[in-house]
Amino acid sequence: MVNPVADLPALQALGWNADDQLQLEAWRDLRVASDPDEADSDSCLARVIAVERTGLTVAPYLNAPDGHVPVSGRWFRGDEETRPTIGDWVVIDAQTGMLLDMLPRRSVIKRVNPLGALQLIAANVDAALIVTSCNADFSLERLERYLSVVLEANITPVLVLTKIDLAEDPSVFIEALSQRFPEIAQVSVDALSEGAVAALASWCTQGQTIALLGSSGVGKSTLVNALSGAAVQLTAAIREEDGKGRHTTTNRSLHRLPQGGVILDSPGMRELQLAEAEEGIEELFADLEALAATCRFNDCSHASEPGCAVRAAIDSAELDEERLRHYQSLKAEESRNRETLAARHARHRAFGKKTRAAARAKQQSKDPDQ
Ligand SMILES: Nc1nc2c(ncn2[C@@H]2O[C@H](COP(=O)(O)OP(=O)(O)OP(=O)(O)O)[C@@H](O)[C@H]2O)c(=O)[nH]1
Ligand SMILES: [Mg+2]
Ligand SMILES: [Zn+2]
């Protein structure tokens, strides 16, 4: 049975915390209930630090020197949500080094990828640094997307504004953020300066897993390097012509920080299409939701209905009309994507059933006694 006490310092160096311990206990209760022999098995815990086509890289490195854990087909056949992703805690057979199981996640960041499929970005994250810079990347609408996804996952969001040294007047950006997102923690930095480390230190302590999210070129890897005190990630100048990044980082990776936490660097995203984020949107627009609840009609579209509290708030300049538009379009996108994903999922399952039935039929025709 997994006994994390023996490995505790190694696990803690990878971000293991009290919440992970609770997840382990929940998993253990389930396993022992379904298979009492499990209590005697020889297995250990590790964290997924990279995902490859043929398997996973985990740490601590166990008996495989490079930490590579081959993964049997069963893990890759299933739904995206049941496959291990970066940040997952997995149970490994101490003898064979094979993947046995995965602990239930305490948080997961997901999106719909450009091909329209669900993609997990990271699991078991405590704080997400949503990075934007004082240039053309800056978009309140984009930040609302990231915030909806992060709040949905019960992860603490932190808005990080970089390149304040390059802006003529950074206070314009800083104020726009605090005005639009008064409840969300916010820091503004020159990511190349010493000050960046101090500004982010409180989120990077022992037991914390931090994920960096944002477009290409905003300075995510620069922040990893600043916090690490070493050039662990490649960075590159953005394009002169349009200020866009060059997609320098191409793989997700997890790094230990001298402050005790671990940080996930990820490739800049061209767009963050919402997967499941209904509650995240509702949390981000809680004031609007509360207003809408006082409209005369339950199904008020806040267009021209009588007794519309949202319209009244816009008319009295209490509410910015742009926020209503963003809210409505995020809600519509979210429900559209949810329906598409559900349909995809159903097709996928039906296809799996059909191929299994065909394989069985083939087997039976070979073996007439069956
Ligand atoms: N002056 C200044 N330059 C910065 C700052 N942050 C990042 N940069 C520069 O911006 C460029 C892009 O930074 P990266 O860290 O590579 O950006 P990234 O977000 O990791 O980009 P991808 O890996 O493509 O997603 C580099 O040339 C950095 O040196 C900042 O706060 N001030
Ligand atoms: Mg990068
Ligand atoms: Zn209304």
# chains A, B, ... in the order shown; residues from 1 in each chain; ligands from 1
>>> residues_near_ligand(ligand="ligand 2", cutoff="8 Å", atoms="only C-alpha atoms and all ligand atoms", output="NGL selection string")
:A and (216-217 or 219-222 or 233-236 or 247-250 or 265-268)
>>> write_last_selection(atoms="C-alpha atoms", output="PDB file, in the first residue's frame")
ATOM      1  CA  SER A 216       2.924  33.814 -26.162  1.00  0.00           C
ATOM      2  CA  GLY A 217       5.500  36.490 -25.415  1.00  0.00           C
ATOM      3  CA  GLY A 219       6.904  36.742 -20.120  1.00  0.00           C
ATOM      4  CA  LYS A 220       5.828  33.431 -18.549  1.00  0.00           C
ATOM      5  CA  SER A 221       9.203  31.726 -18.970  1.00  0.00           C
ATOM      6  CA  THR A 222      10.967  34.940 -17.959  1.00  0.00           C
ATOM      7  CA  GLN A 233      13.594  28.021 -19.587  1.00  0.00           C
ATOM      8  CA  LEU A 234      14.304  29.496 -22.995  1.00  0.00           C
ATOM      9  CA  THR A 235      12.887  32.966 -23.666  1.00  0.00           C
ATOM     10  CA  ALA A 236      12.842  35.002 -26.875  1.00  0.00           C
ATOM     11  CA  HIS A 247       5.789  30.476 -29.265  1.00  0.00           C
ATOM     12  CA  THR A 248       9.167  29.871 -27.685  1.00  0.00           C
ATOM     13  CA  THR A 249       7.961  27.372 -25.079  1.00  0.00           C
ATOM     14  CA  THR A 250       6.548  24.283 -26.780  1.00  0.00           C
ATOM     15  CA  ASP A 265       5.435  26.765 -17.483  1.00  0.00           C
ATOM     16  CA  SER A 266       3.223  26.267 -20.523  1.00  0.00           C
ATOM     17  CA  PRO A 267       3.237  27.247 -24.184  1.00  0.00           C
ATOM     18  CA  GLY A 268       1.444  30.511 -24.883  1.00  0.00           C
TER      19      GLY A 268
END
>>> closest_atom_pairs(of="chain A", to="ligand 3", cutoff="9 Å", atoms="only C-alpha atoms and all ligand atoms", output="Markdown table")
| residue | atom | partner | partner_atom_place_in_ligand_line | distance |
| --- | --- | --- | --- | --- |
| A:Leu291 | CA | ligand 3 | 1 (Zn) | 7.9 |
| A:Ala292 | CA | ligand 3 | 1 (Zn) | 5.4 |
| A:Ala293 | CA | ligand 3 | 1 (Zn) | 8.1 |
| A:Thr294 | CA | ligand 3 | 1 (Zn) | 7.8 |
| A:Cys295 | CA | ligand 3 | 1 (Zn) | 4.7 |
| A:Arg296 | CA | ligand 3 | 1 (Zn) | 7.2 |
| A:Phe297 | CA | ligand 3 | 1 (Zn) | 7.2 |
| A:Asn298 | CA | ligand 3 | 1 (Zn) | 8.3 |
| A:Asp299 | CA | ligand 3 | 1 (Zn) | 7.9 |
| A:Cys300 | CA | ligand 3 | 1 (Zn) | 4.5 |
| A:Ser301 | CA | ligand 3 | 1 (Zn) | 5.6 |
| A:His302 | CA | ligand 3 | 1 (Zn) | 3.6 |
| A:Ala303 | CA | ligand 3 | 1 (Zn) | 7.0 |
| A:Ser304 | CA | ligand 3 | 1 (Zn) | 8.1 |
| A:Glu305 | CA | ligand 3 | 1 (Zn) | 6.7 |
| A:Pro306 | CA | ligand 3 | 1 (Zn) | 8.2 |
| A:Gly307 | CA | ligand 3 | 1 (Zn) | 7.1 |
| A:Cys308 | CA | ligand 3 | 1 (Zn) | 3.7 |
| A:Ala309 | CA | ligand 3 | 1 (Zn) | 5.4 |
| A:Val310 | CA | ligand 3 | 1 (Zn) | 4.9 |
| A:Arg311 | CA | ligand 3 | 1 (Zn) | 6.3 |
| A:Ala312 | CA | ligand 3 | 1 (Zn) | 8.6 |
>>> write_last_selection(atoms="N, CA, C and O atoms", output="JSON list (two decimals), in the first residue's frame")
[["chain", "number", "residue", "atom", "x", "y", "z"],
["A", 291, "LEU", "N", -27.92, 41.07, -9.95],
["A", 291, "LEU", "CA", -28.82, 42.07, -10.54],
["A", 291, "LEU", "C", -29.88, 41.36, -11.38],
["A", 291, "LEU", "O", -31.08, 41.66, -11.27],
["A", 292, "ALA", "N", -29.41, 40.43, -12.23],
["A", 292, "ALA", "CA", -30.32, 39.73, -13.15],
["A", 292, "ALA", "C", -31.42, 39.00, -12.38],
["A", 292, "ALA", "O", -32.54, 38.86, -12.87],
["A", 293, "ALA", "N", -31.09, 38.56, -11.18],
["A", 293, "ALA", "CA", -32.07, 37.82, -10.38],
["A", 293, "ALA", "C", -33.22, 38.72, -9.96],
["A", 293, "ALA", "O", -34.28, 38.24, -9.56],
["A", 294, "THR", "N", -33.01, 40.05, -10.03],
["A", 294, "THR", "CA", -34.08, 40.95, -9.63],
["A", 294, "THR", "C", -34.85, 41.52, -10.82],
["A", 294, "THR", "O", -35.72, 42.37, -10.65],
["A", 295, "CYS", "N", -34.53, 41.06, -12.04],
["A", 295, "CYS", "CA", -35.31, 41.47, -13.21],
["A", 295, "CYS", "C", -36.74, 40.93, -13.06],
["A", 295, "CYS", "O", -36.94, 39.89, -12.43],
["A", 296, "ARG", "N", -37.69, 41.62, -13.68],
["A", 296, "ARG", "CA", -39.08, 41.19, -13.51],
["A", 296, "ARG", "C", -39.31, 39.77, -14.06],
["A", 296, "ARG", "O", -39.98, 38.95, -13.47],
["A", 297, "PHE", "N", -38.72, 39.51, -15.24],
["A", 297, "PHE", "CA", -38.92, 38.19, -15.86],
["A", 297, "PHE", "C", -37.73, 37.28, -15.58],
["A", 297, "PHE", "O", -36.58, 37.71, -15.72],
["A", 298, "ASN", "N", -38.03, 36.04, -15.26],
["A", 298, "ASN", "CA", -36.97, 35.06, -14.98],
["A", 298, "ASN", "C", -36.03, 34.87, -16.15],
["A", 298, "ASN", "O", -34.84, 34.68, -15.97],
["A", 299, "ASP", "N", -36.62, 34.89, -17.36],
["A", 299, "ASP", "CA", -35.81, 34.62, -18.54],
["A", 299, "ASP", "C", -35.45, 35.93, -19.26],
["A", 299, "ASP", "O", -35.29, 35.95, -20.47],
["A", 300, "CYS", "N", -35.32, 36.99, -18.52],
["A", 300, "CYS", "CA", -35.02, 38.31, -19.09],
["A", 300, "CYS", "C", -33.72, 38.25, -19.89],
["A", 300, "CYS", "O", -32.73, 37.69, -19.43],
["A", 301, "SER", "N", -33.75, 38.82, -21.10],
["A", 301, "SER", "CA", -32.52, 38.80, -21.90],
["A", 301, "SER", "C", -31.79, 40.14, -21.76],
["A", 301, "SER", "O", -30.81, 40.40, -22.44],
["A", 302, "HIS", "N", -32.29, 41.00, -20.92],
["A", 302, "HIS", "CA", -31.69, 42.31, -20.63],
["A", 302, "HIS", "C", -31.56, 43.14, -21.90],
["A", 302, "HIS", "O", -30.57, 43.86, -22.08],
["A", 303, "ALA", "N", -32.54, 42.98, -22.79],
["A", 303, "ALA", "CA", -32.51, 43.76, -24.03],
["A", 303, "ALA", "C", -33.46, 44.95, -23.87],
["A", 303, "ALA", "O", -33.02, 46.08, -23.68],
["A", 304, "SER", "N", -34.79, 44.65, -23.90],
["A", 304, "SER", "CA", -35.72, 45.79, -23.78],
["A", 304, "SER", "C", -36.94, 45.41, -22.95],
["A", 304, "SER", "O", -37.98, 46.05, -23.02],
["A", 305, "GLU", "N", -36.82, 44.34, -22.16],
["A", 305, "GLU", "CA", -37.95, 43.92, -21.34],
["A", 305, "GLU", "C", -38.25, 44.98, -20.27],
["A", 305, "GLU", "O", -37.33, 45.59, -19.75],
["A", 306, "PRO", "N", -39.55, 45.11, -19.94],
["A", 306, "PRO", "CA", -39.86, 46.03, -18.82],
["A", 306, "PRO", "C", -39.36, 45.43, -17.50],
["A", 306, "PRO", "O", -39.27, 44.22, -17.36],
["A", 307, "GLY", "N", -39.00, 46.28, -16.58],
["A", 307, "GLY", "CA", -38.58, 45.83, -15.24],
["A", 307, "GLY", "C", -37.23, 45.15, -15.25],
["A", 307, "GLY", "O", -36.93, 44.32, -14.40],
["A", 308, "CYS", "N", -36.37, 45.51, -16.23],
["A", 308, "CYS", "CA", -35.04, 44.87, -16.30],
["A", 308, "CYS", "C", -34.05, 45.63, -15.40],
["A", 308, "CYS", "O", -33.72, 46.79, -15.66],
["A", 309, "ALA", "N", -33.59, 44.96, -14.36],
["A", 309, "ALA", "CA", -32.68, 45.60, -13.40],
["A", 309, "ALA", "C", -31.29, 45.83, -14.00],
["A", 309, "ALA", "O", -30.59, 46.77, -13.62],
["A", 310, "VAL", "N", -30.91, 44.97, -14.93],
["A", 310, "VAL", "CA", -29.59, 45.10, -15.56],
["A", 310, "VAL", "C", -29.55, 46.36, -16.44],
["A", 310, "VAL", "O", -28.62, 47.16, -16.36],
["A", 311, "ARG", "N", -30.61, 46.53, -17.25],
["A", 311, "ARG", "CA", -30.72, 47.74, -18.09],
["A", 311, "ARG", "C", -30.70, 48.99, -17.22],
["A", 311, "ARG", "O", -30.02, 49.97, -17.52],
["A", 312, "ALA", "N", -31.45, 48.94, -16.13],
["A", 312, "ALA", "CA", -31.53, 50.11, -15.24],
["A", 312, "ALA", "C", -30.14, 50.45, -14.71],
["A", 312, "ALA", "O", -29.76, 51.62, -14.64]]
>>> closest_atom_pairs(of="stretch 103-125 of chain A", to="stretch 50-56 of chain A", cutoff="12 Å", atoms="only C-alpha atoms", output="JSON lines")
{"residue": "A:Leu120", "atom": "CA", "partner": "A:Val51", "partner_atom": "CA", "distance": 11.3}
{"residue": "A:Ile121", "atom": "CA", "partner": "A:Val51", "partner_atom": "CA", "distance": 10.8}
{"residue": "A:Ala122", "atom": "CA", "partner": "A:Ala50", "partner_atom": "CA", "distance": 10.4}
{"residue": "A:Ala123", "atom": "CA", "partner": "A:Ala50", "partner_atom": "CA", "distance": 11.9}
>>> select_by_dssp(residues="stretch 51-286 of chain A", states="alpha helix (DSSP H)", output="ChimeraX atom specification")
/A:73-77,140-152,170-180,195-200,220-228,278-284,286
>>> select_by_dssp(residues="stretch 61-253 of chain A", states="strand (DSSP E)", output="PyMOL selection string")
chain A and resi 68-70+89-93+99-102+108-112+118-123+127-133+156-162+185-188+209-213+253
>>> write_last_selection(atoms="C-alpha atoms", output="compact mmCIF listing (two decimals), in the first residue's frame")
# COMPACT_ATOMS: atom_id res chain seq x y z
CA HIS A 68 9.95 7.38 -17.62
CA VAL A 69 6.86 5.36 -16.80
CA PRO A 70 5.48 3.34 -19.69
CA TRP A 89 -0.20 12.33 -8.46
CA VAL A 90 0.06 8.74 -9.66
CA VAL A 91 0.48 5.37 -7.98
CA ILE A 92 3.32 3.31 -9.39
CA ASP A 93 4.04 -0.38 -8.87
CA LEU A 99 1.37 3.01 -13.66
CA LEU A 100 -1.29 1.53 -11.38
CA ASP A 101 -3.64 4.37 -10.66
CA MET A 102 -4.13 8.09 -10.32
CA VAL A 108 -7.84 20.76 -12.95
CA ILE A 109 -7.49 23.45 -15.63
CA LYS A 110 -9.12 22.57 -18.93
CA ARG A 111 -10.05 24.11 -22.24
CA VAL A 112 -11.36 23.19 -25.67
CA LEU A 118 -11.27 18.74 -24.46
CA GLN A 119 -7.70 19.30 -23.27
CA LEU A 120 -6.42 19.16 -19.72
CA ILE A 121 -3.73 21.73 -19.04
CA ALA A 122 -2.71 20.90 -15.48
CA ALA A 123 -3.93 19.16 -12.35
CA ALA A 127 -2.63 29.33 -7.75
CA ALA A 128 -2.73 30.41 -11.38
CA LEU A 129 -0.65 33.38 -12.47
CA ILE A 130 -2.61 34.80 -15.40
CA VAL A 131 0.00 36.83 -17.24
CA THR A 132 -0.56 39.75 -19.60
CA SER A 133 1.73 42.59 -20.62
CA THR A 156 -6.66 31.09 -6.67
CA PRO A 157 -6.24 33.51 -9.59
CA VAL A 158 -3.51 36.16 -9.64
CA LEU A 159 -3.40 38.72 -12.44
CA VAL A 160 0.22 39.43 -13.34
CA LEU A 161 0.94 42.47 -15.48
CA THR A 162 4.44 42.38 -17.00
CA ALA A 185 -5.20 39.69 -6.57
CA GLN A 186 -3.06 41.73 -8.93
CA VAL A 187 0.67 42.37 -9.26
CA SER A 188 2.56 44.42 -11.82
CA THR A 209 1.75 24.46 -7.17
CA ILE A 210 1.59 27.52 -9.40
CA ALA A 211 0.57 27.51 -13.07
CA LEU A 212 1.49 30.24 -15.54
CA LEU A 213 -1.14 31.01 -18.16
CA SER A 253 7.00 21.51 -17.71
>>> closest_residue(among="A:Arg31, A:Arg47, A:Lys244, A:Arg180", to="A:Ala136", atoms="only C-alpha atoms")
A:Lys244
>>> closest_residue(among="A:Leu200, A:Leu151, A:Val218, A:Leu45", to="A:Cys134", atoms="only C-alpha atoms")
A:Val218
>>> atom_distance(atom1="atom CA of A:Leu227", atom2="atom 25 (O, counted along the ligand's line) of ligand 1")
16.7 Å
